[in-house]
>>> print(open('upload.txt').read())   # compact mmCIF, C-alpha atoms
# COMPACT_ATOMS: atom_id res chain seq x y z
CA MET S 1 -6.69 -28.86 35.63
CA ARG S 2 -3.59 -26.66 35.40
CA PHE S 3 -0.92 -27.55 32.86
CA ALA S 4 2.66 -27.68 34.04
CA PRO S 5 5.07 -25.11 32.60
CA TYR S 6 7.26 -26.31 29.79
CA PRO S 7 10.82 -25.28 28.90
CA VAL S 8 11.35 -22.54 26.35
CA GLY S 9 14.82 -21.65 25.13
CA ASP S 10 15.40 -17.88 25.14
CA ARG S 11 18.10 -17.26 22.56
CA SER S 12 18.45 -13.57 23.42
CA VAL S 13 19.81 -14.23 26.93
CA GLY S 14 21.37 -17.59 26.18
CA GLN S 15 19.63 -19.52 28.92
CA ARG S 16 16.62 -21.70 29.53
CA THR S 17 13.50 -19.99 30.85
CA TYR S 18 10.01 -21.28 31.53
CA ALA S 19 6.59 -20.14 30.35
CA ASP S 20 3.02 -21.26 30.84
CA PRO S 21 1.82 -22.66 27.48
CA MET S 22 -1.61 -21.13 28.09
CA ASP S 23 -0.07 -17.66 27.84
CA ALA S 24 0.32 -18.17 24.09
CA PHE S 25 -3.41 -17.65 23.54
CA GLY S 26 -3.69 -14.24 25.16
CA PRO S 27 -2.61 -10.96 23.57
CA ASP S 28 0.99 -9.92 24.09
CA PRO S 29 1.13 -6.19 23.31
CA ALA S 30 4.91 -6.11 23.39
CA GLY S 31 5.15 -9.12 21.09
CA LEU S 32 2.62 -7.70 18.63
CA GLN S 33 4.45 -4.38 18.65
CA HIS S 34 7.71 -6.19 17.98
CA ALA S 35 6.12 -7.96 15.00
CA LEU S 36 4.88 -4.61 13.68
CA ASP S 37 8.30 -3.03 14.17
CA ARG S 38 9.91 -5.81 12.15
CA LEU S 39 7.31 -5.37 9.41
CA LEU S 40 7.99 -1.64 9.18
CA GLU S 41 11.78 -1.84 9.33
CA THR S 42 13.65 -0.75 6.22
CA GLY S 43 17.23 -1.49 5.32
CA ASP S 44 17.44 -4.46 7.69
CA THR S 45 20.78 -6.19 7.21
CA ALA S 46 20.03 -9.24 9.33
CA VAL S 47 21.35 -12.44 7.80
CA ALA S 48 18.62 -14.96 7.14
CA GLU S 49 19.15 -18.27 8.90
CA ALA S 50 17.56 -21.41 7.55
CA LEU S 51 14.92 -23.08 9.66
CA PRO S 52 16.11 -25.96 11.85
CA THR S 53 16.38 -29.21 9.96
CA ARG S 54 14.77 -31.07 12.87
CA VAL S 55 11.58 -30.16 14.66
CA PRO S 56 12.46 -28.14 17.79
CA THR S 57 11.77 -29.93 21.06
CA VAL S 58 12.53 -26.84 23.12
CA GLY S 59 11.14 -23.58 21.82
CA MET S 60 13.23 -20.41 21.47
CA GLY S 61 10.46 -18.04 22.59
CA SER S 62 8.08 -15.95 20.51
CA THR S 63 10.28 -12.89 20.05
CA ALA S 64 13.25 -14.97 18.99
CA ALA S 65 11.05 -16.95 16.59
CA LEU S 66 9.82 -13.73 15.01
CA ASP S 67 13.38 -12.48 14.65
CA ARG S 68 14.44 -15.76 13.06
CA LEU S 69 11.55 -15.71 10.59
CA ALA S 70 11.55 -12.01 9.70
CA PRO S 71 14.54 -12.12 7.33
CA LEU S 72 13.03 -15.16 5.60
CA LEU S 73 9.44 -13.95 5.30
CA LEU S 74 10.00 -10.20 4.91
CA ASP S 75 13.50 -9.58 3.56
CA GLY S 76 13.46 -12.83 1.59
CA ALA S 77 10.19 -12.04 -0.18
CA ARG S 78 9.84 -10.34 -3.55
CA ASP S 79 8.60 -6.77 -3.27
CA LEU S 80 5.53 -6.93 -5.51
CA GLY S 81 5.13 -3.15 -5.29
CA ALA S 82 8.69 -2.33 -6.43
CA PRO S 83 9.01 -0.13 -9.55
CA GLY S 84 10.80 -2.90 -11.42
CA PHE S 85 8.29 -5.65 -10.62
CA PHE S 86 6.35 -6.10 -13.84
CA ALA S 87 6.28 -9.86 -14.19
CA HIS S 88 3.40 -11.86 -12.75
CA MET S 89 -0.30 -11.66 -11.90
CA ASP S 90 0.49 -11.09 -8.24
CA PRO S 91 -0.18 -7.57 -6.94
CA PRO S 92 0.94 -5.60 -3.92
CA THR S 93 -1.76 -5.44 -1.25
CA PRO S 94 -3.17 -2.38 0.54
CA TRP S 95 -2.07 -2.11 4.15
CA VAL S 96 -5.63 -2.32 5.43
CA THR S 97 -5.68 -5.99 4.36
CA TRP S 98 -2.62 -6.66 6.52
CA ALA S 99 -4.46 -5.31 9.56
CA VAL S 100 -7.64 -7.27 8.91
CA HIS S 101 -5.68 -10.46 8.27
CA GLN S 102 -4.24 -10.06 11.77
CA TRP S 103 -7.73 -9.67 13.19
CA THR S 104 -9.12 -12.72 11.40
CA ALA S 105 -6.15 -14.84 12.50
CA SER S 106 -6.79 -13.84 16.10
CA ARG S 107 -10.40 -15.08 15.95
CA ASN S 108 -9.92 -18.06 13.58
CA GLN S 109 -13.56 -18.15 12.48
CA ASN S 110 -14.82 -21.19 10.57
CA LEU S 111 -17.60 -20.25 8.17
CA LEU S 112 -18.63 -23.90 7.89
CA HIS S 113 -20.60 -23.42 11.10
CA PRO S 114 -22.94 -20.42 11.53
CA ASP S 115 -22.52 -20.53 15.30
CA THR S 116 -18.71 -20.15 15.08
CA ALA S 117 -18.70 -17.32 12.54
CA PRO S 118 -22.03 -15.49 12.43
CA THR S 119 -20.71 -12.07 11.44
CA ALA S 120 -17.97 -13.44 9.16
CA ARG S 121 -20.62 -15.32 7.16
CA ASP S 122 -22.65 -12.13 6.86
CA ILE S 123 -19.57 -10.20 5.70
CA GLU S 124 -18.87 -12.72 2.95
CA GLN S 125 -22.48 -12.63 1.79
CA THR S 126 -22.38 -8.84 1.72
CA VAL S 127 -19.18 -8.78 -0.34
CA ILE S 128 -20.71 -11.25 -2.80
CA ASP S 129 -23.85 -9.09 -3.00
CA TRP S 130 -21.66 -6.05 -3.73
CA LEU S 131 -19.64 -7.67 -6.51
CA ALA S 132 -21.90 -10.21 -8.25
CA PRO S 133 -23.99 -7.56 -10.11
CA PHE S 134 -20.89 -6.26 -11.91
CA PHE S 135 -20.85 -9.61 -13.74
CA GLY S 136 -24.60 -10.02 -14.16
CA MET S 137 -24.64 -12.80 -11.56
CA ASP S 138 -27.01 -13.02 -8.59
CA GLY S 139 -24.68 -14.56 -5.98
CA GLY S 140 -22.00 -17.11 -5.24
CA HIS S 141 -19.32 -17.70 -2.63
CA MET S 142 -15.61 -17.27 -2.02
CA THR S 143 -12.91 -19.85 -2.68
CA PRO S 144 -9.12 -19.93 -2.11
CA GLY S 145 -8.44 -19.28 -5.81
CA SER S 146 -9.85 -19.59 -9.30
CA THR S 147 -8.70 -23.20 -9.58
CA ILE S 148 -11.31 -24.07 -6.94
CA ALA S 149 -13.76 -21.55 -8.43
CA ASN S 150 -13.49 -23.25 -11.84
CA LEU S 151 -13.83 -26.69 -10.27
CA THR S 152 -16.96 -25.58 -8.39
CA ALA S 153 -18.56 -24.07 -11.49
CA LEU S 154 -17.87 -27.18 -13.56
CA TRP S 155 -19.25 -29.34 -10.76
CA ALA S 156 -22.50 -27.34 -10.87
CA ALA S 157 -22.52 -27.67 -14.67
CA ARG S 158 -22.12 -31.45 -14.40
CA GLU S 159 -25.05 -31.61 -12.00
CA ALA S 160 -27.06 -29.63 -14.56
CA GLY S 161 -26.37 -32.30 -17.19
CA ALA S 162 -23.06 -31.37 -18.79
CA LEU S 163 -21.01 -34.40 -19.85
CA THR S 164 -18.13 -32.71 -21.64
CA VAL S 165 -15.85 -29.72 -20.96
CA VAL S 166 -14.86 -27.72 -24.03
CA ALA S 167 -12.26 -24.94 -24.00
CA THR S 168 -9.56 -23.48 -26.22
CA ALA S 169 -5.90 -24.45 -26.17
CA ASP S 170 -5.21 -21.31 -24.14
CA SER S 171 -7.51 -22.20 -21.26
CA HIS S 172 -5.97 -22.41 -17.81
CA LEU S 173 -4.66 -25.81 -16.72
CA SER S 174 -7.20 -25.79 -13.88
CA VAL S 175 -9.95 -26.39 -16.45
CA ARG S 176 -8.41 -29.67 -17.60
CA LYS S 177 -7.69 -30.51 -13.99
CA ALA S 178 -11.32 -29.93 -13.01
CA ALA S 179 -12.58 -32.07 -15.90
CA HIS S 180 -10.29 -34.90 -14.77
CA ILE S 181 -11.41 -34.67 -11.14
CA LEU S 182 -15.09 -34.59 -12.11
CA GLY S 183 -14.81 -37.46 -14.58
CA LEU S 184 -15.85 -35.28 -17.51
CA GLU S 185 -14.50 -35.63 -21.04
CA TYR S 186 -12.24 -32.71 -21.98
CA ARG S 187 -12.23 -31.48 -25.56
CA GLU S 188 -10.07 -28.71 -27.00
CA VAL S 189 -11.90 -26.51 -29.51
CA THR S 190 -11.84 -23.19 -31.31
CA TRP S 191 -14.82 -20.91 -30.84
CA THR S 192 -15.21 -20.54 -34.60
CA ASN S 193 -15.67 -24.31 -34.85
CA PRO S 194 -16.62 -25.72 -31.42
CA GLY S 195 -18.50 -28.78 -32.62
CA GLU S 196 -21.45 -30.27 -30.77
CA LEU S 197 -22.22 -28.40 -27.54
CA VAL S 198 -25.62 -29.66 -26.43
CA ASP S 199 -24.20 -31.64 -23.49
CA ALA S 200 -21.12 -29.49 -22.93
CA VAL S 201 -19.96 -26.90 -20.44
CA ALA S 202 -18.01 -24.31 -22.44
CA VAL S 203 -15.22 -22.53 -20.56
CA ILE S 204 -14.46 -19.13 -22.07
CA THR S 205 -11.30 -17.40 -20.86
CA ALA S 206 -11.32 -13.69 -20.06
CA GLY S 207 -7.62 -12.96 -19.74
CA HIS S 208 -5.30 -15.76 -20.84
CA THR S 209 -2.49 -16.33 -18.38
CA GLY S 210 0.21 -15.96 -21.01
CA SER S 211 -1.16 -13.20 -23.23
CA GLY S 212 -4.07 -11.57 -21.42
CA HIS S 213 -6.27 -12.27 -24.45
CA ILE S 214 -10.02 -12.08 -23.84
CA GLU S 215 -12.00 -14.66 -25.81
CA PRO S 216 -15.39 -13.77 -27.34
CA LEU S 217 -17.75 -13.77 -24.39
CA ASN S 218 -20.73 -14.59 -26.61
CA ALA S 219 -19.08 -17.80 -27.81
CA ALA S 220 -20.63 -21.27 -27.43
CA SER S 221 -24.21 -20.04 -27.33
CA GLY S 222 -25.46 -23.59 -27.82
CA ALA S 223 -23.70 -25.04 -24.78
CA ARG S 224 -25.66 -26.51 -21.90
CA TRP S 225 -23.62 -24.34 -19.51
CA ARG S 226 -21.31 -21.38 -20.22
CA HIS S 227 -18.60 -20.60 -17.67
CA VAL S 228 -16.28 -17.60 -17.94
CA ASP S 229 -12.87 -18.02 -16.35
CA ALA S 230 -12.27 -14.33 -15.60
CA ALA S 231 -9.62 -14.99 -12.97
CA TRP S 232 -7.39 -12.26 -14.38
CA ALA S 233 -9.47 -9.80 -16.42
CA GLY S 234 -12.72 -10.02 -14.44
CA PRO S 235 -12.09 -6.94 -12.26
CA LEU S 236 -12.06 -4.76 -15.39
CA ARG S 237 -15.83 -4.73 -14.83
CA LEU S 238 -15.26 -2.36 -11.90
CA SER S 239 -13.63 0.21 -14.20
CA GLU S 240 -15.88 2.52 -16.19
CA ARG S 241 -13.02 3.01 -18.63
CA HIS S 242 -12.39 -0.69 -19.30
CA SER S 243 -15.64 -2.47 -18.41
CA LYS S 244 -16.63 -2.80 -22.07
CA ALA S 245 -13.80 -5.28 -22.60
CA LEU S 246 -16.01 -7.81 -20.80
CA ASP S 247 -19.35 -6.93 -22.36
CA GLY S 248 -21.37 -10.12 -22.66
CA ILE S 249 -20.09 -11.71 -19.48
CA ASP S 250 -23.54 -11.30 -17.97
CA GLY S 251 -24.80 -13.97 -20.38
CA ALA S 252 -22.77 -16.69 -18.66
CA ASP S 253 -24.09 -19.26 -16.21
CA SER S 254 -21.07 -18.84 -13.94
CA VAL S 255 -17.97 -16.67 -13.57
CA ALA S 256 -14.69 -17.15 -11.70
CA VAL S 257 -12.70 -14.12 -10.50
CA SER S 258 -9.43 -14.08 -8.57
CA ALA S 259 -9.57 -11.38 -5.90
CA HIS S 260 -5.85 -11.92 -5.22
CA LYS S 261 -5.08 -10.59 -8.69
CA TRP S 262 -6.71 -7.33 -9.81
CA LEU S 263 -8.75 -6.85 -6.62
CA PHE S 264 -5.39 -6.58 -4.83
CA GLN S 265 -6.13 -9.07 -2.08
CA PRO S 266 -3.76 -11.36 -0.16
CA LYS S 267 -3.67 -15.00 -1.14
CA GLU S 268 -5.96 -17.00 -1.06
CA SER S 269 -9.01 -15.10 -2.27
CA ALA S 270 -11.35 -15.69 -5.22
CA LEU S 271 -15.02 -15.76 -6.11
CA VAL S 272 -17.24 -18.20 -7.96
CA LEU S 273 -20.43 -16.45 -9.07
CA PHE S 274 -23.62 -17.89 -10.54
CA ALA S 275 -26.50 -16.57 -12.61
CA ARG S 276 -28.88 -18.84 -10.64
CA THR S 277 -27.17 -19.17 -7.31
CA GLU S 278 -29.86 -20.94 -5.33
CA GLU S 279 -30.08 -23.71 -7.93
CA ALA S 280 -26.30 -23.96 -8.35
CA HIS S 281 -25.58 -23.98 -4.63
CA ARG S 282 -28.21 -26.64 -4.04
CA SER S 283 -26.49 -28.87 -6.61
CA VAL S 284 -23.07 -28.59 -4.93
CA ALA S 285 -24.21 -28.80 -1.30
CA MET S 286 -24.07 -31.73 1.10
CA ASP S 287 -25.48 -32.31 4.56
CA GLY S 288 -23.67 -33.85 7.49
CA ALA S 289 -24.81 -34.98 10.91
CA TYR S 290 -22.61 -32.36 12.58
CA LEU S 291 -23.76 -29.46 10.35
CA ALA S 292 -26.46 -26.93 11.16
CA VAL S 293 -26.69 -25.92 7.50
CA PRO S 294 -25.57 -27.72 4.32
CA ASN S 295 -21.93 -27.41 3.30
CA VAL S 296 -21.86 -25.56 -0.04
CA GLY S 297 -19.04 -26.04 -2.52
CA VAL S 298 -15.70 -27.85 -2.51
CA LEU S 299 -14.36 -26.60 0.81
CA GLY S 300 -15.24 -27.80 4.26
CA SER S 301 -13.68 -25.48 6.78
CA HIS S 302 -13.46 -21.98 5.37
CA GLY S 303 -11.90 -18.88 6.90
CA ALA S 304 -12.97 -15.24 6.91
CA VAL S 305 -11.25 -14.43 3.61
CA ALA S 306 -13.91 -11.90 2.66
CA ALA S 307 -12.99 -9.58 5.53
CA PRO S 308 -9.86 -8.04 3.92
CA LEU S 309 -11.79 -7.58 0.68
CA ALA S 310 -14.63 -5.90 2.58
CA ALA S 311 -12.12 -3.60 4.27
CA THR S 312 -10.54 -2.73 0.91
CA ILE S 313 -13.86 -1.87 -0.72
CA MET S 314 -15.00 0.13 2.32
CA ALA S 315 -11.69 2.01 2.59
CA TYR S 316 -11.18 2.87 -1.08
CA GLY S 317 -14.50 2.19 -2.77
CA VAL S 318 -15.04 0.77 -6.22
CA ASP S 319 -13.58 4.01 -7.60
CA GLY S 320 -10.35 3.48 -5.68
CA ILE S 321 -9.91 -0.11 -6.87
CA ALA S 322 -10.79 0.98 -10.41
CA SER S 323 -8.09 3.65 -10.23
CA TRP S 324 -5.48 0.96 -9.45
CA ILE S 325 -6.72 -1.12 -12.39
CA ASP S 326 -6.79 1.91 -14.71
CA ARG S 327 -3.27 2.84 -13.68
CA SER S 328 -2.12 -0.73 -14.34
CA MET S 329 -3.64 -0.65 -17.82
CA GLU S 330 -1.93 2.70 -18.50
CA ILE S 331 1.40 1.21 -17.46
CA ALA S 332 0.94 -1.73 -19.85
CA ASP S 333 -0.01 0.59 -22.71
CA ALA S 334 2.97 2.83 -22.00
CA LEU S 335 5.36 -0.11 -22.06
CA HIS S 336 3.80 -1.43 -25.26
CA GLN S 337 4.21 1.94 -27.00
CA ARG S 338 7.88 2.16 -26.01
CA ILE S 339 8.43 -1.32 -27.45
CA VAL S 340 6.69 -0.41 -30.70
CA ASP S 341 8.91 2.68 -31.03
CA SER S 342 12.11 0.74 -30.30
CA THR S 343 14.51 -0.45 -33.00
CA VAL S 344 15.70 -3.50 -31.03
CA LEU S 345 12.45 -4.74 -29.48
CA GLU S 346 9.27 -6.23 -30.88
CA ALA S 347 5.76 -6.58 -29.45
CA ARG S 348 3.55 -9.55 -30.25
CA THR S 349 0.13 -7.86 -30.08
CA THR S 350 -1.53 -4.82 -28.55
CA PRO S 351 -2.33 -5.76 -24.92
CA GLN S 352 -6.00 -6.37 -24.13
CA SER S 353 -5.87 -6.73 -20.37
CA GLY S 354 -2.56 -5.41 -19.10
CA VAL S 355 -0.34 -8.29 -20.30
CA VAL S 356 2.47 -7.30 -22.69
CA ASN S 357 4.30 -9.94 -24.76
CA TRP S 358 7.58 -8.72 -26.18
CA ARG S 359 11.23 -9.59 -26.80
CA ARG S 360 14.50 -8.38 -28.20
CA THR S 361 15.13 -9.12 -31.87
CA ASP S 362 18.85 -9.85 -31.46
CA VAL S 363 19.03 -12.34 -28.55
CA THR S 364 16.90 -15.10 -27.07
CA VAL S 365 14.32 -14.56 -24.37
CA GLU S 366 16.43 -16.58 -21.95
CA GLU S 367 19.50 -14.44 -22.65
CA THR S 368 17.46 -11.31 -22.03
CA VAL S 369 16.15 -12.56 -18.69
CA SER S 370 19.58 -13.70 -17.52
CA SER S 371 21.01 -10.24 -18.24
CA LEU S 372 18.55 -8.37 -16.05
CA PRO S 373 19.58 -6.88 -12.70
CA PRO S 374 17.80 -8.05 -9.52
CA SER S 375 15.74 -4.85 -9.44
CA VAL S 376 13.83 -5.63 -12.66
CA PHE S 377 11.53 -8.60 -13.14
CA VAL S 378 9.82 -9.95 -16.23
CA SER S 379 8.46 -13.45 -16.78
CA THR S 380 8.43 -15.71 -19.84
CA THR S 381 5.78 -17.68 -21.67
CA ASN S 382 5.19 -19.90 -24.71
CA ILE S 383 2.63 -18.68 -27.25
CA ASP S 384 1.97 -20.66 -30.44
CA GLY S 385 5.30 -22.43 -30.01
CA GLU S 386 7.32 -19.23 -29.60
CA ARG S 387 9.08 -17.83 -26.56
CA TRP S 388 8.11 -14.35 -25.40
CA LEU S 389 8.78 -12.11 -22.47
CA ARG S 390 5.69 -11.47 -20.40
CA SER S 391 5.14 -8.26 -18.47
CA VAL S 392 1.97 -8.22 -16.39
CA ALA S 393 0.60 -4.94 -15.06
CA ALA S 394 -0.58 -6.24 -11.71
CA ASN S 395 1.51 -3.63 -9.89
CA PRO S 396 0.13 -0.09 -10.24
CA LEU S 397 3.43 1.21 -8.81
CA ALA S 398 5.55 -0.30 -11.60
CA ASP S 399 7.71 1.97 -13.74
CA PRO S 400 7.45 1.03 -17.43
CA ASP S 401 10.40 3.29 -18.32
CA LEU S 402 12.65 1.43 -15.87
CA VAL S 403 11.69 -1.96 -17.30
CA PHE S 404 11.93 -0.80 -20.91
CA GLN S 405 15.25 1.00 -20.55
CA THR S 406 16.81 -1.88 -18.64
CA ILE S 407 15.88 -4.49 -21.23
CA GLU S 408 16.79 -2.25 -24.17
CA ALA S 409 20.21 -1.62 -22.62
CA ASN S 410 20.92 -5.22 -21.59
CA PRO S 411 21.21 -7.59 -24.55
>>> encode(input="upload.txt", output="structure tokens")
Amino acid sequence: MRFAPYPVGDRSVGQRTYADPMDAFGPDPAGLQHALDRLLETGDTAVAEALPTRVPTVGMGSTAALDRLAPLLLDGARDLGAPGFFAHMDPPTPWVTWAVHQWTASRNQNLLHPDTAPTARDIEQTVIDWLAPFFGMDGGHMTPGSTIANLTALWAAREAGALTVVATADSHLSVRKAAHILGLEYREVTWTNPGELVDAVAVITAGHTGSGHIEPLNAASGARWRHVDAAWAGPLRLSERHSKALDGIDGADSVAVSAHKWLFQPKESALVLFARTEEAHRSVAMDGAYLAVPNVGVLGSHGAVAAPLAATIMAYGVDGIASWIDRSMEIADALHQRIVDSTVLEARTTPQSGVVNWRRTDVTVEETVSSLPPSVFVSTTNIDGERWLRSVAANPLADPDLVFQTIEANP
């Protein structure tokens, strides 16, 4: 059966043209080149137009759609690799990941089914096999982020007999969220006085979101299950210079790591790793009549998110990724030292994992942020009831002098 052509509005010539809808699924070299050209353009002055308020009945054509979206998606996005971007745990991404993302979109593999994604499943397993030993784990799988990684680990802990989740006040909100979803009691503790742990899963944070603080990784030794939320600081294990900051992580039962933070991957990319993967995976797997193999973990359909990470590791090696992390740590230390030497700025603590908390002594945090030019970014956070600026060294291209001098000069 042949589908009838449907109308497509071509904005560039101002008239209605017609196209076969089946053509959309074949490669269009000119269209792909146009998309690449728009990606590589610099100094584009095109005015961004808002998307239509009503769903289009008649399409404008692929080239026109790309031109309409480019100012919104490209020019309207924050440049995470800009020298003044020193604000959040979101890094720039190596160009090789852009290319592989295009490939994976073109094939749309679903790792839920081995017959739809045989090589993509193998790639993910290989990436897990590469990275799990850095954390003393023997396997795991990828998730869209550490929120799902934490949920998966706590699910496995519940199946192993844990009835309570214990964590410090600085744990990520996803830990409380996971406890709520799983029907587990949540209890806030300190690691110097955690209370009864025999039926608890203890969540130890390696890199607090606000301060970057790494909790004692040997804490909660009496817990039924010990999970390390290493979403932020986990990749320090790849650095010979900074790996010791996470000594003891190999004693955990599970570890969560966000690849879209210090492994410099596009969203949405993370890992949940287990010390006893076969047992853990069996406890969080379910069969279905339409499945050739059990579905492991929270997700059903699951894309080839490991492919960009595989390309990054193959292109630059562990040494290359470690050099980005080391550079990021150097940037944080440099900023911290400038703050310490300043007469108008104060630092809260020495940074442990590339997160610097600081502020001016003469104005509020909010006044400082509002005075900054668009080229310089810092974020804010609450720590122990106080407001602090938060500079996160997720961008190895950041310029600490630019950030420091701008804030020192702008009360």
>>> residues_around(input="upload.txt", residues="segment 160-162 of chain S", least_positions_apart="3", cutoff="7 Å", atoms="all atoms listed in the file", output="ChimeraX atom specification")
/S:156-157,199-201,224
>>> closest_residue(input="upload.txt", among="S:Ser146, S:Gln337, S:Ser269, S:Ser353", to="Glu215 of chain S", atoms="all atoms listed in the file")
S:Ser353
>>> atom_distance(input="upload.txt", atom1="atom CA of Thr57 of chain S", atom2="atom CA of Leu36 of chain S")
27.3 Å
>>> closest_residue(input="upload.txt", among="S:Ser323, S:Thr126, S:Thr190, S:Gln102", to="Pro27 of chain S", atoms="only C-alpha atoms")
S:Gln102
>>> closest_residue(input="upload.txt", among="S:Asn150, S:Thr343, S:Gln352, S:Gln33", to="Gly207 of chain S", atoms="all atoms listed in the file")
S:Gln352
>>> closest_residue(input="upload.txt", among="S:Gln405, S:Thr209, S:Ser258, S:Ser283", to="Glu159 of chain S", atoms="only C-alpha atoms")
S:Ser283
>>> closest_residue(input="upload.txt", among="S:Glu408, S:Thr152, S:Tyr316, S:Met22", to="Leu372 of chain S", atoms="all atoms listed in the file")
S:Glu408
>>> atom_distance(input="upload.txt", atom1="atom CA of Gly26 of chain S", atom2="atom CA of Gln109 of chain S")
16.5 Å
>>> residues_around(input="upload.txt", residues="Thr406 of chain S", least_positions_apart="5", cutoff="12 Å", atoms="only C-alpha atoms", output="MDAnalysis selection string")
chainID S and resid 84 360 368:369 371:378 399:401 411
>>> closest_residue(input="upload.txt", among="S:Ala87, S:Val58, S:Ala169, S:Ala132", to="Thr381 of chain S", atoms="only C-alpha atoms")
S:Ala87
>>> atom_distance(input="upload.txt", atom1="atom CA of Ala233 of chain S", atom2="atom CA of Leu345 of chain S")
26.0 Å
>>> residues_around(input="upload.txt", residues="segment 241-247 of chain S", least_positions_apart="5", cutoff="8 Å", atoms="all atoms listed in the file", output="compact mmCIF listing (two decimals) with C-alpha atoms, in the frame of the given file")
# COMPACT_ATOMS: atom_id res chain seq x y z
CA ALA S 206 -11.32 -13.69 -20.06
CA ILE S 214 -10.02 -12.08 -23.84
CA LEU S 217 -17.75 -13.77 -24.39
CA GLY S 234 -12.72 -10.02 -14.44
CA LEU S 236 -12.06 -4.76 -15.39
CA ASP S 326 -6.79 1.91 -14.71
>>> residues_around(input="upload.txt", residues="Glu49 of chain S", least_positions_apart="3", cutoff="8 Å", atoms="only C-alpha atoms", output="CSV table (one decimal) with C-alpha atoms, in the frame of the given file")
chain,number,residue,atom,x,y,z
S,68,ARG,CA,14.4,-15.8,13.1
S,71,PRO,CA,14.5,-12.1,7.3
S,72,LEU,CA,13.0,-15.2,5.6
>>> residues_around(input="upload.txt", residues="Gly139 of chain S", least_positions_apart="6", cutoff="8 Å", atoms="all atoms listed in the file", output="ChimeraX atom specification")
/S:128-129,132,273-277
>>> axis_aligned_box(input="upload.txt", around="segment 345-363 of chain S", padding_each_side="6 Å", output="JSON")
{"center_x": 6.5, "center_y": -8.5, "center_z": -25.5, "size_x": 37.0, "size_y": 19.6, "size_z": 24.8}
>>> residues_near_point(input="upload.txt", point="(4.7, -4.7, 13.4)", cutoff="12 Å", atoms="all atoms listed in the file", output="list in words")
Pro29, Ala30, Gly31, Leu32, Gln33, His34, Ala35, Leu36, Asp37, Arg38, Leu39, Leu40, Glu41, Thr63, Leu66, Asp67, Ala70, Leu74, Trp95, Trp98, Ala99 and Gln102 of chain S
>>> residues_near_point(input="upload.txt", point="(-0.2, 1.7, -4.6)", cutoff="8 Å", atoms="all atoms listed in the file", output="ChimeraX atom specification")
/S:81,92,94,324,395-397
>>> write_last_selection(input="upload.txt", atoms="C-alpha atoms", output="PDB file, in the frame of the given file")
ATOM      1  CA  GLY S  81       5.130  -3.150  -5.290  1.00  0.00           C
ATOM      2  CA  PRO S  92       0.940  -5.600  -3.920  1.00  0.00           C
ATOM      3  CA  PRO S  94      -3.170  -2.380   0.540  1.00  0.00           C
ATOM      4  CA  TRP S 324      -5.480   0.960  -9.450  1.00  0.00           C
ATOM      5  CA  ASN S 395       1.510  -3.630  -9.890  1.00  0.00           C
ATOM      6  CA  PRO S 396       0.130  -0.090 -10.240  1.00  0.00           C
ATOM      7  CA  LEU S 397       3.430   1.210  -8.810  1.00  0.00           C
TER       8      LEU S 397
END
>>> decode(input="upload.txt", residues="segment 71-81 of chain S", atoms="N, CA and C atoms", output="short mmCIF file (atom, residue, chain, number, x, y, z; two decimals), in the first residue's frame")
data_model
loop_
_atom_site.label_atom_id
_atom_site.label_comp_id
_atom_site.auth_asym_id
_atom_site.auth_seq_id
_atom_site.Cartn_x
_atom_site.Cartn_y
_atom_site.Cartn_z
N PRO S 71 18.02 28.74 16.62
CA PRO S 71 18.25 29.82 17.59
C PRO S 71 17.79 29.47 19.01
N LEU S 72 16.77 28.62 19.11
CA LEU S 72 16.27 28.23 20.43
C LEU S 72 17.19 27.21 21.09
N LEU S 73 17.57 26.17 20.34
CA LEU S 73 18.34 25.08 20.92
C LEU S 73 19.83 25.36 20.98
N LEU S 74 20.36 26.12 20.03
CA LEU S 74 21.80 26.38 19.99
C LEU S 74 22.13 27.75 20.58
N ASP S 75 21.61 28.80 19.97
CA ASP S 75 21.91 30.15 20.48
C ASP S 75 21.26 30.40 21.84
N GLY S 76 20.14 29.75 22.10
CA GLY S 76 19.44 29.98 23.36
C GLY S 76 19.95 29.13 24.51
N ALA S 77 20.90 28.27 24.25
CA ALA S 77 21.44 27.40 25.30
C ALA S 77 22.62 28.07 25.99
N ARG S 78 22.84 27.71 27.25
CA ARG S 78 24.03 28.15 27.96
C ARG S 78 25.25 27.42 27.39
N ASP S 79 26.33 28.14 27.23
CA ASP S 79 27.58 27.54 26.76
C ASP S 79 28.32 26.99 27.98
N LEU S 80 28.21 25.69 28.22
CA LEU S 80 28.78 25.09 29.42
C LEU S 80 30.30 25.04 29.37
N GLY S 81 30.88 25.31 28.20
CA GLY S 81 32.34 25.33 28.08
C GLY S 81 32.90 26.74 28.04
#
